[in-house]
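Engineer: Can you read through this structure? Questions will come right after.
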Amino acid sequence: MNSSTFPFPWLHAFMFSFLLTALSSNPFMSSATPQVSYADHCNSLLPEATIYNFQPAFPSFVQLHTGYYTGQMKTLSQSSSDSSNSLSFRIRNVYKTDRDGVFGIEGHFVLRSSESKFYYVGNVSHSPGYSTASVSFRLHGFRSESSGEVCMVGRGFSFTRQGRHYNPEAVLKLSNLSNSSSVTTLVTGTFESLSSPHDLSYFEPISILIFPGRNYEYTLVSKEFVDEFSGGNDTIVKGLLINSLQGNGFCSVFSRAVYEFNLKYNSSGCISAKNCNPFGDAVGFLPRIVYLKGIDCLEEEKRMRVLVAFPNSSYVGINPSFNPNTAFVGEGFWDDKMNQLCIVACRFSNASKSLVNARVGDCTTRLRLSFPAVWSIRETNNIVGQIWSRKPVNDSGYFNRILFHSSENRRFAVSGLKYEYTEILRAGKLCGLREKTEKKKRERYTDKYSSDMQFDIRIRRKLGNTSWGYATPITVGYLFYQRPMFPIALSSGSPINPNNSKASAKSPIIVSYKIGIRLFDKISLSDIISTSSERVEITAEGIYDAETGQLCMVGCRNIVSKDDQSLISDSMDCEIVLNFQFPPFKSRKNGGYIKGSITSTRSKPDPLYFERLDVSSASYTAVQVEESISRMDLEIILALISNTLVCVFMGLQLLHVKQHPPLLPFISLVMLLLLTLGHMIPLVLNFEALFLNNRDHRKVVLGSGIWLEANEVLVRLVTMVAFLLEFRLLQLTWSARLTDRNQKRLWFAERSAVFVSFPLYIAGALIFLLINWSKNSLWEDLKSYIGLVLDGFLLPQILLNMFRNSKQDALSCSFYIGTTFVRLLPHVYDLYRRQSYSSVVSYSYIYASPNTDFYSALWDVIIPFGGLLFVAIIYLQQRFGGRCIVPWRFIEDEEYEKVPVVSESELTQK
């Protein structure tokens, strides 16, 4: 196949890279394919040496080096500031040579570029995705152990954006790849193309920066530096013990690839705009986030080497971008006295145009971070810290102290973490509790320790789009809310700590919440937000009464705004009241939605005032979960019964034609083709379902989902049997049609049926698509329309009978009546489902899914009526002739045609 037309070039590249990696372990591969000449491109830097019979040498080389590059290749997009530019250099083989200290090396060199993209999961959660491109090279060359020089040549493999593959040839030159290093040591170099500038595989020279990993010596941090981190403008609160955090020690806690933090500037302490920016006004932007990435770590000494970077983006991701002009590299140590990580950071210099001359110096920047042991309504972050400069205020490199906190509000499973309520009295005054008379209803509401306390929210304005969010408990009483992997699968009343006496109390209980709102539409809450994320987070605490279902809280939100000097200042607005009313479990007719509001207690002239926001939930209650499980159980049974009946009725039809072989040619091939495809396509699409989110969503509803998956497999097996039986009947009919003496007349009648039915199908599809053009996706509409066509599977047989004017009982009564019953049963069930179940989530459909047919109160009546009409027509045709349903003047007497045929046959037999 021509590579330029290969449908999935990324898959082609992956397979080639895998093969290249597998072959690279063979030291003799260099003899199998022509190699780029080392002497022509590297002898001036490191003269070629003679390898001793390819006998591997095993000095203590670091096998894997990671770093960054600047420059661009044709397949690696670097157009966005959010794109990363990472590289990996893996040494596969090392050989001895005839010169001391010079080794032959073979390895892989990979350049990667990943541009972050955002997509939405469900209603509120936004998750980053990445459009990743890479170019892989297999290189060979030499390294000098004394000077640290490396020179290698080779070729790579990649694809253009048009899908064409090419093999660029290049030379890699590295300096300072020594056996020992410190914070000031950098491995730099270039990667240059050996092709002509007009060649497809040519690329501009790329500069490289690698942090060495061999025999690193910590020279910055020591116990003498502790005093530098004990003071500051803010009082230091002792954090959690390192051993109480998740992990087995210091390095395991910081083993995450990237820690991301939001920055908080204090504009009042800035002399000018550049004094708030760690890099002055030269970089052209004020960073909003900072990330820490560990380079290496020492467990016993509790030390680590770390990269501190300030990207010009609002999200970091798993493969963040790196710009030495907005980054530090430093060393950190854990202070056991204050339980905080202290970091001494150094700036990069001479890296504005190329990384080749990059250096590390100016180690006057300090960072400290800790894990707060006490949370409150104003502080619910996992990690908090500060960044400041040790330079004098008047120095050009000075910047004001910057606070930061973790961008993720996940809670570590730790001991010693506490929550301190500070607004409960005010919440009680502002909210109050429902009167005792309301409790006489004896309705059952969500238990305070139920998983239903966590729910999604939907905010809808009178004019505008819908905004989505979530409400997750932080604490219930004095216990942290334990969120399982699939919280919605827990039954109502599942306690966090069933042994705790407070857990079973019926009186109102104090709670705290984290509420996040993703603003898809400009609502009043976003008017004072100047960040591009358009996201509001509210921390709240208050009272929940399980006897009335009332949840009332006081909330605080961060206010992020810009002043006249374009400096970001942060404050909190705690004049917010949140009211939510949980529905009683018996109220299924309205879907069991939670209703509520978010209001401001400020007066309208106040700039922080916002209008009332009406809120409703978008999540299941525990009763709805149980209801959904029982409904899905029923649908699994119905699906098994339906597919089994299809097999039975198809078997009876096969038995019918086996007993009456002359009837086979009179069966419509189009009808059988529709039925066969109707079972084949779902079997094929089920392979697609393995890679989609539907299965994950069902697991969210059902927990492990093991029972569901086992029954789904059984349904598919029965569907496979039905498909094979239909295919067998199609094969027999086709063979009989080819050998029948009247095949010309039958083929003419079949073609006539096709010419009538297909235009009807196409016209119906076009009309339906035009009507529903803006409602659903094209694929979903087509799947539903195909279901409608299958419901009328008898139409081609009716047309064939009419054009052939046949009254042969080609179809057994059990087949056409039974199969019609199976096709109409989902519509009868859908009518029952609409009356018996409160709400159905689209991904929980197993039987009678709207994605596979037309389901509504109207269609559930029209389609069964049409199916029964077709059954009646087939019965009449097989009894009185194919044209018995058309006016008499269109009916021709064909008895005279049959007599000669029969007589001729009899004469032939005689």
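Ordering of the structure tokens sets the chain letters (A, B, ...); residue numbers start at 1 within each chain; ligands are numbered from 1 in the order shown.
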Tell me, as number ranges by chain, which residues lie within 7 Å of A:Ala546, counting only C-alpha atoms; anything in the same chain fewer than 4 positions away does not count.
Structural biologist: A: 445-448, 508
Engineer: Hey, what's within 10 Å of A:Asp791 if we count only C-alpha atoms and toss same-chain stuff fewer than 4 positions away? As a list in words, please?
Structural biologist: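 The residues that qualify are Leu675, Tyr785, Ile786, Gly787, Leu795, Thr819, Thr820, Phe821, Val822, Arg823, Leu824, Asp853, Phe854, Ile863, Pro864, Gly866 and Gly867 of chain A.
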Engineer: Could you tell me how far atom CA of A:Leu430 lies from atom CA of A:Phe480, in Å and to one decimal?
Structural biologist: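 Atom CA of A:Phe480 lies 24.6 Å from atom CA of A:Leu430.
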Engineer: Rounded to one decimal in Å, what is the spacing between atom CA of A:Pro584 and atom CA of A:Ser451?
Structural biologist: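 The value is 15.4 Å.
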Engineer: I want to know what sits within 8 Å of stretch 356-369 of chain A, based on only C-alpha atoms, with residues of the same chain fewer than 5 positions away left out; could you give that as a PyMOL selection string?
Structural biologist: chain A and resi 183-186+188-190+207-209+229+329-330+340-351+383-391
Engineer: Given the selection you just returned, output its residues as a file containing N, CA and C atoms, formatted as a short mmCIF file (atom, residue, chain, number, x, y, z; two decimals), in the first residue's frame.
Structural biologist:
```cif
data_model
loop_
_atom_site.label_atom_id
_atom_site.label_comp_id
_atom_site.auth_asym_id
_atom_site.auth_seq_id
_atom_site.Cartn_x
_atom_site.Cartn_y
_atom_site.Cartn_z
N VAL A 183 24.32 21.32 40.11
CA VAL A 183 23.19 22.09 39.61
C VAL A 183 23.57 22.99 38.45
N THR A 184 24.84 23.38 38.36
CA THR A 184 25.27 24.27 37.28
C THR A 184 25.65 23.51 36.02
N THR A 185 25.64 22.18 36.08
CA THR A 185 26.04 21.38 34.93
C THR A 185 24.86 21.14 34.01
N LEU A 186 25.04 21.47 32.74
CA LEU A 186 24.02 21.23 31.74
C LEU A 186 24.65 20.53 30.54
N THR A 188 24.46 20.28 26.76
CA THR A 188 23.88 21.04 25.64
C THR A 188 24.42 20.49 24.33
N GLY A 189 23.77 20.85 23.25
CA GLY A 189 24.22 20.38 21.95
C GLY A 189 23.28 20.77 20.85
N THR A 190 23.52 20.19 19.69
CA THR A 190 22.70 20.47 18.51
C THR A 190 22.31 19.18 17.82
N SER A 207 18.46 23.03 18.89
CA SER A 207 19.36 23.11 20.05
C SER A 207 18.77 22.31 21.20
N ILE A 208 19.66 21.72 22.01
CA ILE A 208 19.26 20.73 23.00
C ILE A 208 19.79 21.10 24.36
N LEU A 209 18.97 20.80 25.39
CA LEU A 209 19.37 20.97 26.78
C LEU A 209 18.93 19.73 27.55
N PHE A 229 14.32 29.87 55.51
CA PHE A 229 12.94 29.47 55.22
C PHE A 229 12.03 29.56 56.44
N VAL A 329 15.97 25.94 37.96
CA VAL A 329 16.36 24.60 38.35
C VAL A 329 16.99 24.71 39.73
N GLY A 330 16.68 23.77 40.62
CA GLY A 330 17.18 23.93 41.98
C GLY A 330 17.22 22.64 42.75
N GLN A 340 8.10 20.99 55.98
CA GLN A 340 7.96 21.72 54.73
C GLN A 340 9.13 21.40 53.81
N LEU A 341 8.87 21.51 52.51
CA LEU A 341 9.91 21.32 51.50
C LEU A 341 10.52 22.68 51.19
N CYS A 342 11.81 22.80 51.32
CA CYS A 342 12.53 24.04 51.07
C CYS A 342 13.36 23.88 49.80
N ILE A 343 13.27 24.83 48.90
CA ILE A 343 13.94 24.74 47.61
C ILE A 343 14.78 26.00 47.37
N VAL A 344 16.03 25.80 46.98
CA VAL A 344 16.90 26.86 46.50
C VAL A 344 16.91 26.76 44.98
N ALA A 345 16.48 27.81 44.30
CA ALA A 345 16.32 27.77 42.85
C ALA A 345 17.28 28.71 42.15
N CYS A 346 17.74 28.30 40.97
CA CYS A 346 18.70 29.07 40.18
C CYS A 346 18.12 29.38 38.81
N ARG A 347 18.51 30.52 38.27
CA ARG A 347 18.01 30.96 36.98
C ARG A 347 18.88 30.41 35.84
N PHE A 348 18.25 30.34 34.66
CA PHE A 348 18.98 30.05 33.44
C PHE A 348 19.41 31.37 32.80
N SER A 349 20.51 31.34 32.13
CA SER A 349 20.99 32.53 31.41
C SER A 349 21.51 32.12 30.04
N ASN A 350 21.64 33.09 29.14
CA ASN A 350 22.15 32.88 27.78
C ASN A 350 21.33 31.84 27.01
N ALA A 351 20.03 31.83 27.24
CA ALA A 351 19.19 30.84 26.57
C ALA A 351 18.09 31.50 25.75
N ILE A 383 -1.77 21.56 49.12
CA ILE A 383 -0.41 22.08 49.26
C ILE A 383 -0.46 23.59 49.15
N VAL A 384 0.26 24.27 50.01
CA VAL A 384 0.40 25.73 49.95
C VAL A 384 1.88 26.07 50.05
N GLY A 385 2.23 27.22 49.53
CA GLY A 385 3.63 27.60 49.58
C GLY A 385 3.86 29.03 49.19
N GLN A 386 5.13 29.40 49.11
CA GLN A 386 5.54 30.76 48.80
C GLN A 386 6.77 30.73 47.92
N ILE A 387 6.92 31.78 47.12
CA ILE A 387 8.11 31.99 46.30
C ILE A 387 8.58 33.42 46.57
N TRP A 388 9.87 33.60 46.82
CA TRP A 388 10.39 34.94 47.05
C TRP A 388 11.84 35.03 46.63
N SER A 389 12.33 36.25 46.57
CA SER A 389 13.70 36.52 46.14
C SER A 389 14.53 37.00 47.33
N ARG A 390 15.78 36.57 47.37
CA ARG A 390 16.71 36.99 48.42
C ARG A 390 17.47 38.25 48.04
N LYS A 391 17.18 38.81 46.88
CA LYS A 391 17.88 40.00 46.42
C LYS A 391 17.34 41.24 47.13
#
```
Engineer: What does the distance between atom CA of A:Val221 and atom CA of A:Leu298 come to in Å, to one decimal place?
Structural biologist: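 Those two atoms sit 12.8 Å apart.
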Engineer: Skip stretch 657-663 of chain A itself and residues of its chain fewer than 6 positions away, then list as a PDB file with C-alpha atoms, in the first residue's frame all residues within 9 Å of it, counting only C-alpha atoms.
Structural biologist:
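Dumped to result16.pdb:
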```
ATOM      1  CA  LEU A 729     -30.990 -18.688   4.817  1.00  0.00           C
ATOM      2  CA  ALA A 736     -31.848 -21.551  -5.253  1.00  0.00           C
ATOM      3  CA  ASP A 740     -34.357 -21.837 -10.729  1.00  0.00           C
ATOM      4  CA  GLN A 808     -46.527 -19.154  -2.660  1.00  0.00           C
ATOM      5  CA  ASP A 809     -46.248 -19.483   1.104  1.00  0.00           C
ATOM      6  CA  ALA A 810     -42.513 -18.749   0.940  1.00  0.00           C
ATOM      7  CA  LEU A 811     -42.494 -17.441   4.516  1.00  0.00           C
ATOM      8  CA  SER A 812     -43.757 -19.581   7.328  1.00  0.00           C
TER       9      SER A 812
END
```
Engineer: Which residues come within 8 Å of A:Pro311, counting only C-alpha atoms, excluding same-chain residues fewer than 3 positions away, as number ranges by chain?
Structural biologist: A: 82, 287, 289-290, 316, 321-323, 326
Engineer: Would you write out, as a tab-separated table, a table of all residues in stretch 794-851 of chain A that have an atom no more than 9 Å from an atom of stretch 872-876 of chain A, listing for each the closest atom pair and the distance in Å to one decimal, considering only C-alpha atoms and ordering rows by chain and rising residue number?
Structural biologist:
```
residue	atom	partner	partner_atom	distance
A:Leu794	CA	A:Ile874	CA	7.9
A:Gln797	CA	A:Ile874	CA	8.0
A:Ile798	CA	A:Ile874	CA	6.4
A:Asn801	CA	A:Ile874	CA	8.5
A:Lys807	CA	A:Leu876	CA	8.6
A:Asp809	CA	A:Tyr875	CA	8.7
A:Leu811	CA	A:Ile874	CA	8.6
A:Cys813	CA	A:Tyr875	CA	8.0
A:Tyr816	CA	A:Ile874	CA	8.2
```
Engineer: Quick one: everything within 10 Å of A:Leu645, counting only C-alpha atoms, minus sequence neighbours fewer than 5 positions away in the same chain. Send it as a PyMOL selection string.
Structural biologist: chain A and resi 639-640+650-651+718+722+815+818-819+821-822
Engineer: Using only C-alpha atoms for the distances, tell me which of A:Leu286, A:Ile762, A:Val756, A:Cys556 is nearest to A:Ser376.
Structural biologist: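 Smallest separation from A:Ser376 among the options: A:Cys556.
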Engineer: Between A:Phe261, A:Gly549, A:Phe333, A:Cys276, single out the one closest to A:Ala309, counting only C-alpha atoms.
Structural biologist: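 Checking each of A:Phe261, A:Gly549, A:Phe333, A:Cys276 against A:Ala309, counting only C-alpha atoms, the winner is A:Phe261.
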